[in-house]
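Trainee: Attaching a single structure in structure tokens format; questions to follow.
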Amino acid sequence: MKTRERAKALSSVTEFSFEDLIGLVNKEFGNPNSLDEFVEYGDIFVKAKPVSPILHILAGNTPEAAIQSLTRGLLIGAYNQVKLPKQGIKDFDNFIKNLPSELISLVETTSNRKVADDWINSASAVIAFGSDETLMQIAEKIHPLQIFIPHNHKISLAVIDSDENLDAAQLAAIDIYSHDQRGCLSPHDIYVCPKIKPRSFASRLANELNLLNKKKPPEKRTTEESAAIDHLRRSYEFRACNDTSVQIWKSENNLDWTVVYEDEIQFAQSPLGQFVFVKPLPKDLTKAVSIIGESISTIALHPFKLERAESLILAGGNRVCPLGTSQKPSTYWHHDGYQSLAPLVRWVNAG
Amino acid sequence: MKRFKELSIRIKSFIDDESNGDFNDLILETHSFQKSNCQLINNYANQYCQYPKKWQEVAPIPTEAFKNIEKIISFPEEHISKTFLTSGTTKTTRGKHHFMDTSIYEKSILTSWQNLKLPDLPVISLSQSPTINSESSLIHMLGVLEAKFLIGSSGEIDSMKINSFLQNSRRPFILAGTALAFLHLIKDPLGIKLKLPQGSWVMETGGYKGTNTKITKKDFYSMISNNFHLPMERIINEYSMTELSSQFYSKGVDSTHKSPHWLKTRIVKPGTKIEVEDGEKGVLSIYDLANLGSSISIMTGDIAIKRKSNFELVGRNENLEPRGCSRATEEILSSHN
């Protein structure tokens, strides 16, 4: 299959358009045909050759990232081995099932750790998602000639500077609700400009989350996930009873969603599962989030302005996106700051 | 104060003999007393359990409440005579459990030990003494059990010294310590590897989740068993926390945690007040009558499986902020590594 055929096939089973997939090849390789034939490159000709096989070691809490990772491997025409978590990844499994046969033949999956360990030895590139500890363990098995792209746990937040159209709560709710807030891209905390009354915003956000969850409640969570939400919720319920600087809104008789407003500006970590903090936006955001500075992935911004993105990125992270799109990164984004396709090819030179 | 003393006498009498009172009545009376004397508990109870009719309806206080600046105490602040601190780092807020006097606490420790038929042997502890570390409830408990303490003020585990001490012991004893202290000792190339005197026991406590150590309980017990040449059935786990005044114990890998009659549990479905069915997992809440001076009901955040009136501890909830007695020892050890 040529690049365009693969892009067409992938666009039919993912949310990526054909134009964006070809556009990505063009952006990263300078020519959309680079993978298929020699193209001009200065005074020589070059062709991109995919490193193969690529091993993707996936985490259960990031279905979107898993699909993107394999999509990239398939787009460049590499052979892909995929280590899935024991419990599988529902959305990812569906994606694999829908792949056309020409692409299915480029994918092999396992949830067996021993098999994956063998694959690590023979992989040309290893893309891994997981905790720092897991990634350290994998890194110890990598040899110097292998490409290793680690994606550790990251944390995201949102900043709302103004809300002229009164749509910020609805957009923020989308970011919290999507994938039940799993993964690294959904905000834990939403910093709201004091001018637009953060406490009122929290109440509106609670309404929006309530509406979304009434339409479709979250899928079953593990006892561990639920216990973490339960414990933090009870802690804030206790605080809210005794401290007027804290207020809590929550789904009744279940743990579907929780919104906590607090005056305290210091970043608070959510257990995820649609548990979000709303805080007043301080003058010095960098200081308020310094505890997670190196772990920031995404800052969702409303309204989205490039000049503001310039200043926000100083707080940390490598992505500022419009509020409501946290969990839907562009095809062109650089996950954790890495180029998407370029590290996965070697160039052949002619001339 | 008069009411406090009255309740204290009745609770102690109940601890001595179950037929001297009724658990349900005592919990409800103590809860009512705590509500009247602790504004924090009063505000929470008014919101979540205004008129409990049985002990199970008393809303348990989350352990995080002990980190409040305002204190969880049901007696005047000037009467605080003892404070135990939860483990933590300089970056985390430590919970505080204050006592007017520790006599119920101490009675609870000693009576549990007798009632649950735990071995009547000398205790050797892989920890500092209460004189050196007066903030640790675990160390205080071991002090009440008249343990001999093997770690000095430096906090360092001197494997050679411990080895030599244990090798010279001829009579059986209970070797007690946090799970992390045992792991440290076993993994130390200079650490102990010896047969404890016939009839000895090991008592581990504190857990090791939330740290960098990932090991199953079975593997851990197997390591202890091999290292000290004693059967796994002779390994006791003590489960408690700074916020409590009583302890649970289990023996061996698969046994459930048992409690004395003044200590009961409810394992509830997260997000509800509903108790799980027998054999199901849920979050562990504890009702401890010995907690007269603070809160008789505690929500731990830990996960357990209900086994009739007992429970099987699945583990400290990894998603929570790391806490537990083992952490303090780990920090002591880390700072000297």
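Just so we're on the same page: first chain in the structure tokens is A, next is B, and so on; residues restart at 1 for each chain, and ligands are numbered from 1 in the order they show up.
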Using DSSP assignments from the backbone, pull out every residue in stretch 150-246 of chain A that falls under strand (DSSP E or B) and give it to me as a ChimeraX atom specification.
Mentor: /A:150-152,155-160,187-192,246
Trainee: Store the residues picked out above in a file with N, CA and C atoms, as a PDB file, in the first residue's frame.
Mentor:
```pdb
ATOM      1  N   PRO A 150       9.218   7.549  25.417  1.00  0.00           N
ATOM      2  CA  PRO A 150       8.406   7.324  26.620  1.00  0.00           C
ATOM      3  C   PRO A 150       7.345   8.406  26.820  1.00  0.00           C
ATOM      4  N   HIS A 151       6.161   7.990  27.221  1.00  0.00           N
ATOM      5  CA  HIS A 151       5.098   8.935  27.582  1.00  0.00           C
ATOM      6  C   HIS A 151       4.672   8.628  29.014  1.00  0.00           C
ATOM      7  N   ASN A 152       5.182   9.397  29.965  1.00  0.00           N
ATOM      8  CA  ASN A 152       4.824   9.156  31.371  1.00  0.00           C
ATOM      9  C   ASN A 152       3.540   9.893  31.741  1.00  0.00           C
ATOM     10  N   ILE A 155      -0.223  15.742  33.773  1.00  0.00           N
ATOM     11  CA  ILE A 155      -1.380  16.366  34.419  1.00  0.00           C
ATOM     12  C   ILE A 155      -1.765  17.624  33.644  1.00  0.00           C
ATOM     13  N   SER A 156      -3.074  17.848  33.506  1.00  0.00           N
ATOM     14  CA  SER A 156      -3.520  19.016  32.742  1.00  0.00           C
ATOM     15  C   SER A 156      -4.398  19.935  33.584  1.00  0.00           C
ATOM     16  N   LEU A 157      -4.549  21.142  33.090  1.00  0.00           N
ATOM     17  CA  LEU A 157      -5.383  22.112  33.792  1.00  0.00           C
ATOM     18  C   LEU A 157      -6.052  23.030  32.769  1.00  0.00           C
ATOM     19  N   ALA A 158      -6.922  23.891  33.251  1.00  0.00           N
ATOM     20  CA  ALA A 158      -7.594  24.832  32.344  1.00  0.00           C
ATOM     21  C   ALA A 158      -7.550  26.228  32.939  1.00  0.00           C
ATOM     22  N   VAL A 159      -7.581  27.212  32.057  1.00  0.00           N
ATOM     23  CA  VAL A 159      -7.578  28.612  32.484  1.00  0.00           C
ATOM     24  C   VAL A 159      -8.716  29.325  31.750  1.00  0.00           C
ATOM     25  N   ILE A 160      -9.569  29.992  32.515  1.00  0.00           N
ATOM     26  CA  ILE A 160     -10.672  30.739  31.902  1.00  0.00           C
ATOM     27  C   ILE A 160     -10.471  32.216  32.226  1.00  0.00           C
ATOM     28  N   PRO A 187      -8.395  18.378  32.241  1.00  0.00           N
ATOM     29  CA  PRO A 187      -7.967  19.202  33.377  1.00  0.00           C
ATOM     30  C   PRO A 187      -8.351  18.628  34.734  1.00  0.00           C
ATOM     31  N   HIS A 188      -7.408  18.731  35.676  1.00  0.00           N
ATOM     32  CA  HIS A 188      -7.706  18.406  37.078  1.00  0.00           C
ATOM     33  C   HIS A 188      -8.313  19.642  37.747  1.00  0.00           C
ATOM     34  N   ASP A 189      -7.712  20.788  37.431  1.00  0.00           N
ATOM     35  CA  ASP A 189      -8.132  22.051  38.047  1.00  0.00           C
ATOM     36  C   ASP A 189      -8.506  23.049  36.955  1.00  0.00           C
ATOM     37  N   ILE A 190      -9.523  23.849  37.250  1.00  0.00           N
ATOM     38  CA  ILE A 190      -9.890  24.928  36.327  1.00  0.00           C
ATOM     39  C   ILE A 190      -9.700  26.244  37.071  1.00  0.00           C
ATOM     40  N   TYR A 191      -8.790  27.047  36.573  1.00  0.00           N
ATOM     41  CA  TYR A 191      -8.529  28.357  37.181  1.00  0.00           C
ATOM     42  C   TYR A 191      -9.397  29.399  36.471  1.00  0.00           C
ATOM     43  N   VAL A 192     -10.231  30.071  37.242  1.00  0.00           N
ATOM     44  CA  VAL A 192     -11.210  30.992  36.661  1.00  0.00           C
ATOM     45  C   VAL A 192     -10.917  32.413  37.140  1.00  0.00           C
ATOM     46  N   VAL A 246     -14.691  26.557  50.979  1.00  0.00           N
ATOM     47  CA  VAL A 246     -14.817  25.332  50.172  1.00  0.00           C
ATOM     48  C   VAL A 246     -16.292  25.043  49.929  1.00  0.00           C
TER      49      VAL A 246
END
```
Trainee: Counting only C-alpha atoms, which residues of chain A fall within 6 Å of chain B, and what is the closest atom pair for each with its distance in Å at one decimal, ordered by chain and rising number, as CSV?
Mentor:
```
residue,atom,partner,partner_atom,distance
A:Ser226,CA,B:Pro270,CA,5.8
A:Ala227,CA,B:Pro270,CA,5.4
A:Ala228,CA,B:Asn319,CA,5.6
A:Asp230,CA,B:Gly271,CA,5.4
A:His231,CA,B:Gly301,CA,5.3
A:Ser235,CA,B:Pro62,CA,5.6
A:Phe238,CA,B:Tyr44,CA,5.9
A:Cys241,CA,B:Tyr44,CA,5.7
A:Asn254,CA,B:Gly271,CA,5.3
A:Leu255,CA,B:Gly271,CA,5.5
```
Trainee: Take the residues from that selection and write them out as a short mmCIF file (atom, residue, chain, number, x, y, z; two decimals), in the first residue's frame, keeping N, CA and C atoms.
Mentor:
```
data_model
loop_
_atom_site.label_atom_id
_atom_site.label_comp_id
_atom_site.auth_asym_id
_atom_site.auth_seq_id
_atom_site.Cartn_x
_atom_site.Cartn_y
_atom_site.Cartn_z
N SER A 226 -12.94 4.05 42.32
CA SER A 226 -14.10 4.57 43.06
C SER A 226 -13.72 4.92 44.49
N ALA A 227 -12.88 4.09 45.10
CA ALA A 227 -12.47 4.34 46.50
C ALA A 227 -11.69 5.65 46.60
N ALA A 228 -10.85 5.91 45.60
CA ALA A 228 -10.07 7.15 45.62
C ALA A 228 -10.98 8.37 45.49
N ASP A 230 -14.21 8.41 46.25
CA ASP A 230 -15.02 8.42 47.48
C ASP A 230 -14.27 9.10 48.62
N HIS A 231 -13.00 8.76 48.78
CA HIS A 231 -12.24 9.28 49.91
C HIS A 231 -12.03 10.79 49.78
N SER A 235 -13.53 13.81 52.10
CA SER A 235 -12.63 14.79 52.71
C SER A 235 -13.12 16.21 52.44
N PHE A 238 -16.36 17.01 54.28
CA PHE A 238 -16.05 17.38 55.66
C PHE A 238 -15.57 18.83 55.72
N CYS A 241 -18.31 21.41 55.17
CA CYS A 241 -19.18 21.60 56.34
C CYS A 241 -18.56 22.56 57.34
N ASN A 254 -24.30 8.36 43.77
CA ASN A 254 -23.26 7.70 42.96
C ASN A 254 -22.06 8.65 42.88
N LEU A 255 -21.00 8.16 42.26
CA LEU A 255 -19.76 8.96 42.18
C LEU A 255 -19.55 9.51 40.78
#
```
Trainee: Could you state the separation of atom CA of B:His257 and atom CA of B:Ser295 in Å, given to one decimal place?
Mentor: 21.7 Å
Trainee: What parts of stretch 67-108 of chain B does DSSP call alpha helix (DSSP H)? I'd like the answer as a list of chain:residue names.
Mentor: B:Ser103, B:Ile104, B:Tyr105, B:Glu106, B:Lys107, B:Ser108
Trainee: Would you mind exporting N, CA and C atoms of the selected residues as a short mmCIF file (atom, residue, chain, number, x, y, z; two decimals), in the first residue's frame?
Mentor:
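Final file, out.cif:
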```
data_model
loop_
_atom_site.label_atom_id
_atom_site.label_comp_id
_atom_site.auth_asym_id
_atom_site.auth_seq_id
_atom_site.Cartn_x
_atom_site.Cartn_y
_atom_site.Cartn_z
N SER B 103 -5.00 6.42 78.62
CA SER B 103 -5.30 5.21 79.40
C SER B 103 -6.25 4.26 78.66
N ILE B 104 -7.25 4.80 77.95
CA ILE B 104 -8.15 3.89 77.19
C ILE B 104 -7.35 3.23 76.06
N TYR B 105 -6.52 4.03 75.43
CA TYR B 105 -5.69 3.55 74.33
C TYR B 105 -4.81 2.38 74.80
N GLU B 106 -4.20 2.58 75.93
CA GLU B 106 -3.29 1.55 76.44
C GLU B 106 -4.06 0.31 76.88
N LYS B 107 -5.23 0.53 77.49
CA LYS B 107 -6.07 -0.61 77.87
C LYS B 107 -6.48 -1.39 76.62
N SER B 108 -6.81 -0.65 75.58
CA SER B 108 -7.24 -1.28 74.32
C SER B 108 -6.11 -2.16 73.75
#
```
Trainee: Separation of atom CA of B:Ser222 and atom CA of B:Ile236, in Å?
Mentor: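 Atom-to-atom, atom CA of B:Ser222 to atom CA of B:Ile236, that is 13.1 Å.
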Trainee: List as a JSON list (two decimals) with N, CA and C atoms, in the first residue's frame the protein and nucleic acid residues near A:Glu310, meaning an atom at most 12 Å away when only C-alpha atoms are counted, but skip any in the same chain fewer than 4 places from it.
Mentor:
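Output contents, as saved in out-v9.json:
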```json
[["chain", "number", "residue", "atom", "x", "y", "z"],
["A", 299, "ILE", "N", -2.71, 22.80, 28.78],
["A", 299, "ILE", "CA", -3.47, 23.87, 29.44],
["A", 299, "ILE", "C", -4.59, 24.26, 28.48],
["A", 301, "LEU", "N", -7.48, 26.62, 27.35],
["A", 301, "LEU", "CA", -7.61, 28.08, 27.54],
["A", 301, "LEU", "C", -8.91, 28.59, 26.94],
["A", 304, "PHE", "N", -9.46, 31.20, 23.58],
["A", 304, "PHE", "CA", -8.12, 30.82, 23.11],
["A", 304, "PHE", "C", -7.49, 31.97, 22.33],
["A", 305, "LYS", "N", -6.31, 32.40, 22.80],
["A", 305, "LYS", "CA", -5.58, 33.47, 22.10],
["A", 305, "LYS", "C", -4.11, 33.10, 22.10],
["A", 306, "LEU", "N", -3.46, 33.24, 20.95],
["A", 306, "LEU", "CA", -2.05, 32.83, 20.84],
["A", 306, "LEU", "C", -1.15, 33.60, 21.79],
["A", 314, "LEU", "N", 4.68, 29.26, 29.95],
["A", 314, "LEU", "CA", 5.78, 29.46, 30.90],
["A", 314, "LEU", "C", 5.53, 28.69, 32.19],
["A", 315, "ALA", "N", 4.24, 28.41, 32.47],
["A", 315, "ALA", "CA", 3.90, 27.66, 33.69],
["A", 315, "ALA", "C", 4.29, 26.19, 33.55],
["A", 316, "GLY", "N", 4.44, 25.73, 32.31],
["A", 316, "GLY", "CA", 4.82, 24.34, 32.06],
["A", 316, "GLY", "C", 3.97, 23.75, 30.95],
["A", 317, "GLY", "N", 4.29, 22.50, 30.57],
["A", 317, "GLY", "CA", 3.51, 21.81, 29.55],
["A", 317, "GLY", "C", 3.99, 22.11, 28.15],
["A", 318, "ASN", "N", 3.39, 21.43, 27.18],
["A", 318, "ASN", "CA", 3.77, 21.67, 25.80],
["A", 318, "ASN", "C", 2.55, 21.76, 24.88],
["A", 319, "ARG", "N", 1.41, 22.03, 25.48],
["A", 319, "ARG", "CA", 0.21, 22.20, 24.64],
["A", 319, "ARG", "C", -0.76, 23.16, 25.32],
["A", 320, "VAL", "N", -1.14, 24.20, 24.58],
["A", 320, "VAL", "CA", -2.24, 25.06, 25.02],
["A", 320, "VAL", "C", -3.32, 24.89, 23.95],
["A", 321, "CYS", "N", -4.52, 24.54, 24.38],
["A", 321, "CYS", "CA", -5.58, 24.26, 23.41],
["A", 321, "CYS", "C", -6.86, 25.00, 23.80]]
```
Trainee: Which residues are near A:Ile248? Cut-off 8 Å, only C-alpha atoms, ignore same chain within fewer than 4 positions. Put them as a count of residues only.
Mentor: 7
Trainee: Tell me which protein, DNA and RNA residues are within 12 Å of B:Lys54, counting only C-alpha atoms, leaving out same-chain ones fewer than 6 positions away, and put them as number ranges by chain.
Mentor: B: 22-29, 31-32, 287
Trainee: So which one's closest to B:Phe228, B:Gln167, B:Ser127, B:Asn20, B:Thr111? Using only C-alpha atoms, please.
Mentor: B:Gln167
Trainee: Using only C-alpha atoms, which residues sit within 12 Å of stretch 324-330 of chain A once same-chain residues fewer than 3 positions away are excluded, as JSON, numbers by chain?
Mentor: {"A": [15, 16, 17, 20, 21, 23, 24, 62, 63, 64, 65, 67, 68, 155, 156, 157, 158, 159, 160, 167, 168, 169, 170, 171, 172, 173, 174, 175, 176, 177, 178, 179, 180, 181, 182, 183, 184, 185, 186, 187, 188, 297, 298, 299, 300, 301, 302, 303, 304, 319, 320, 321, 333, 334, 335, 336, 340]}
Trainee: Find the residue from B:Ser74, B:Ser19, B:Ser259, B:Ser136 that sits nearest to B:Arg3; use only C-alpha atoms when measuring.
Mentor: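 Of B:Ser74, B:Ser19, B:Ser259, B:Ser136, the one nearest B:Arg3 is B:Ser74, counting only C-alpha atoms.
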Trainee: Which residues, written as a list of chain:residue names, have at least one atom at most 6 Å from A:Leu55, with only C-alpha atoms counted and residues fewer than 2 positions away on the same chain left out?
Mentor: A:Asn80, A:Gln81, A:Val82, A:Ala123, A:Val126
Trainee: In Å to one decimal, how far is atom CA of B:Leu110 from atom CA of B:Gln247?
Mentor: 10.3 Å
Trainee: Pick the closest to B:Asn168 from B:Gly155, B:Pro76, B:Pro197, B:Gly143: which is it, counting only C-alpha atoms?
Mentor: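 Going through B:Gly155, B:Pro76, B:Pro197, B:Gly143 one by one, the smallest distance to B:Asn168 is for B:Pro197.
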Trainee: Identify which of the residues A:Asn94, A:Ser251, A:Gln87, A:Ser131 lies closest to A:Pro217, counting only C-alpha atoms when measuring atom-to-atom distances.
Mentor: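 Of A:Asn94, A:Ser251, A:Gln87, A:Ser131, the one nearest A:Pro217 is A:Ser251, counting only C-alpha atoms.
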Trainee: Which one of B:Cys49, B:Ala304, B:Met141, B:Cys38 sits closest to B:Ile73 if you count only C-alpha atoms?
Mentor: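 Between B:Cys49, B:Ala304, B:Met141, B:Cys38, the residue approaching B:Ile73 most closely is B:Cys38.
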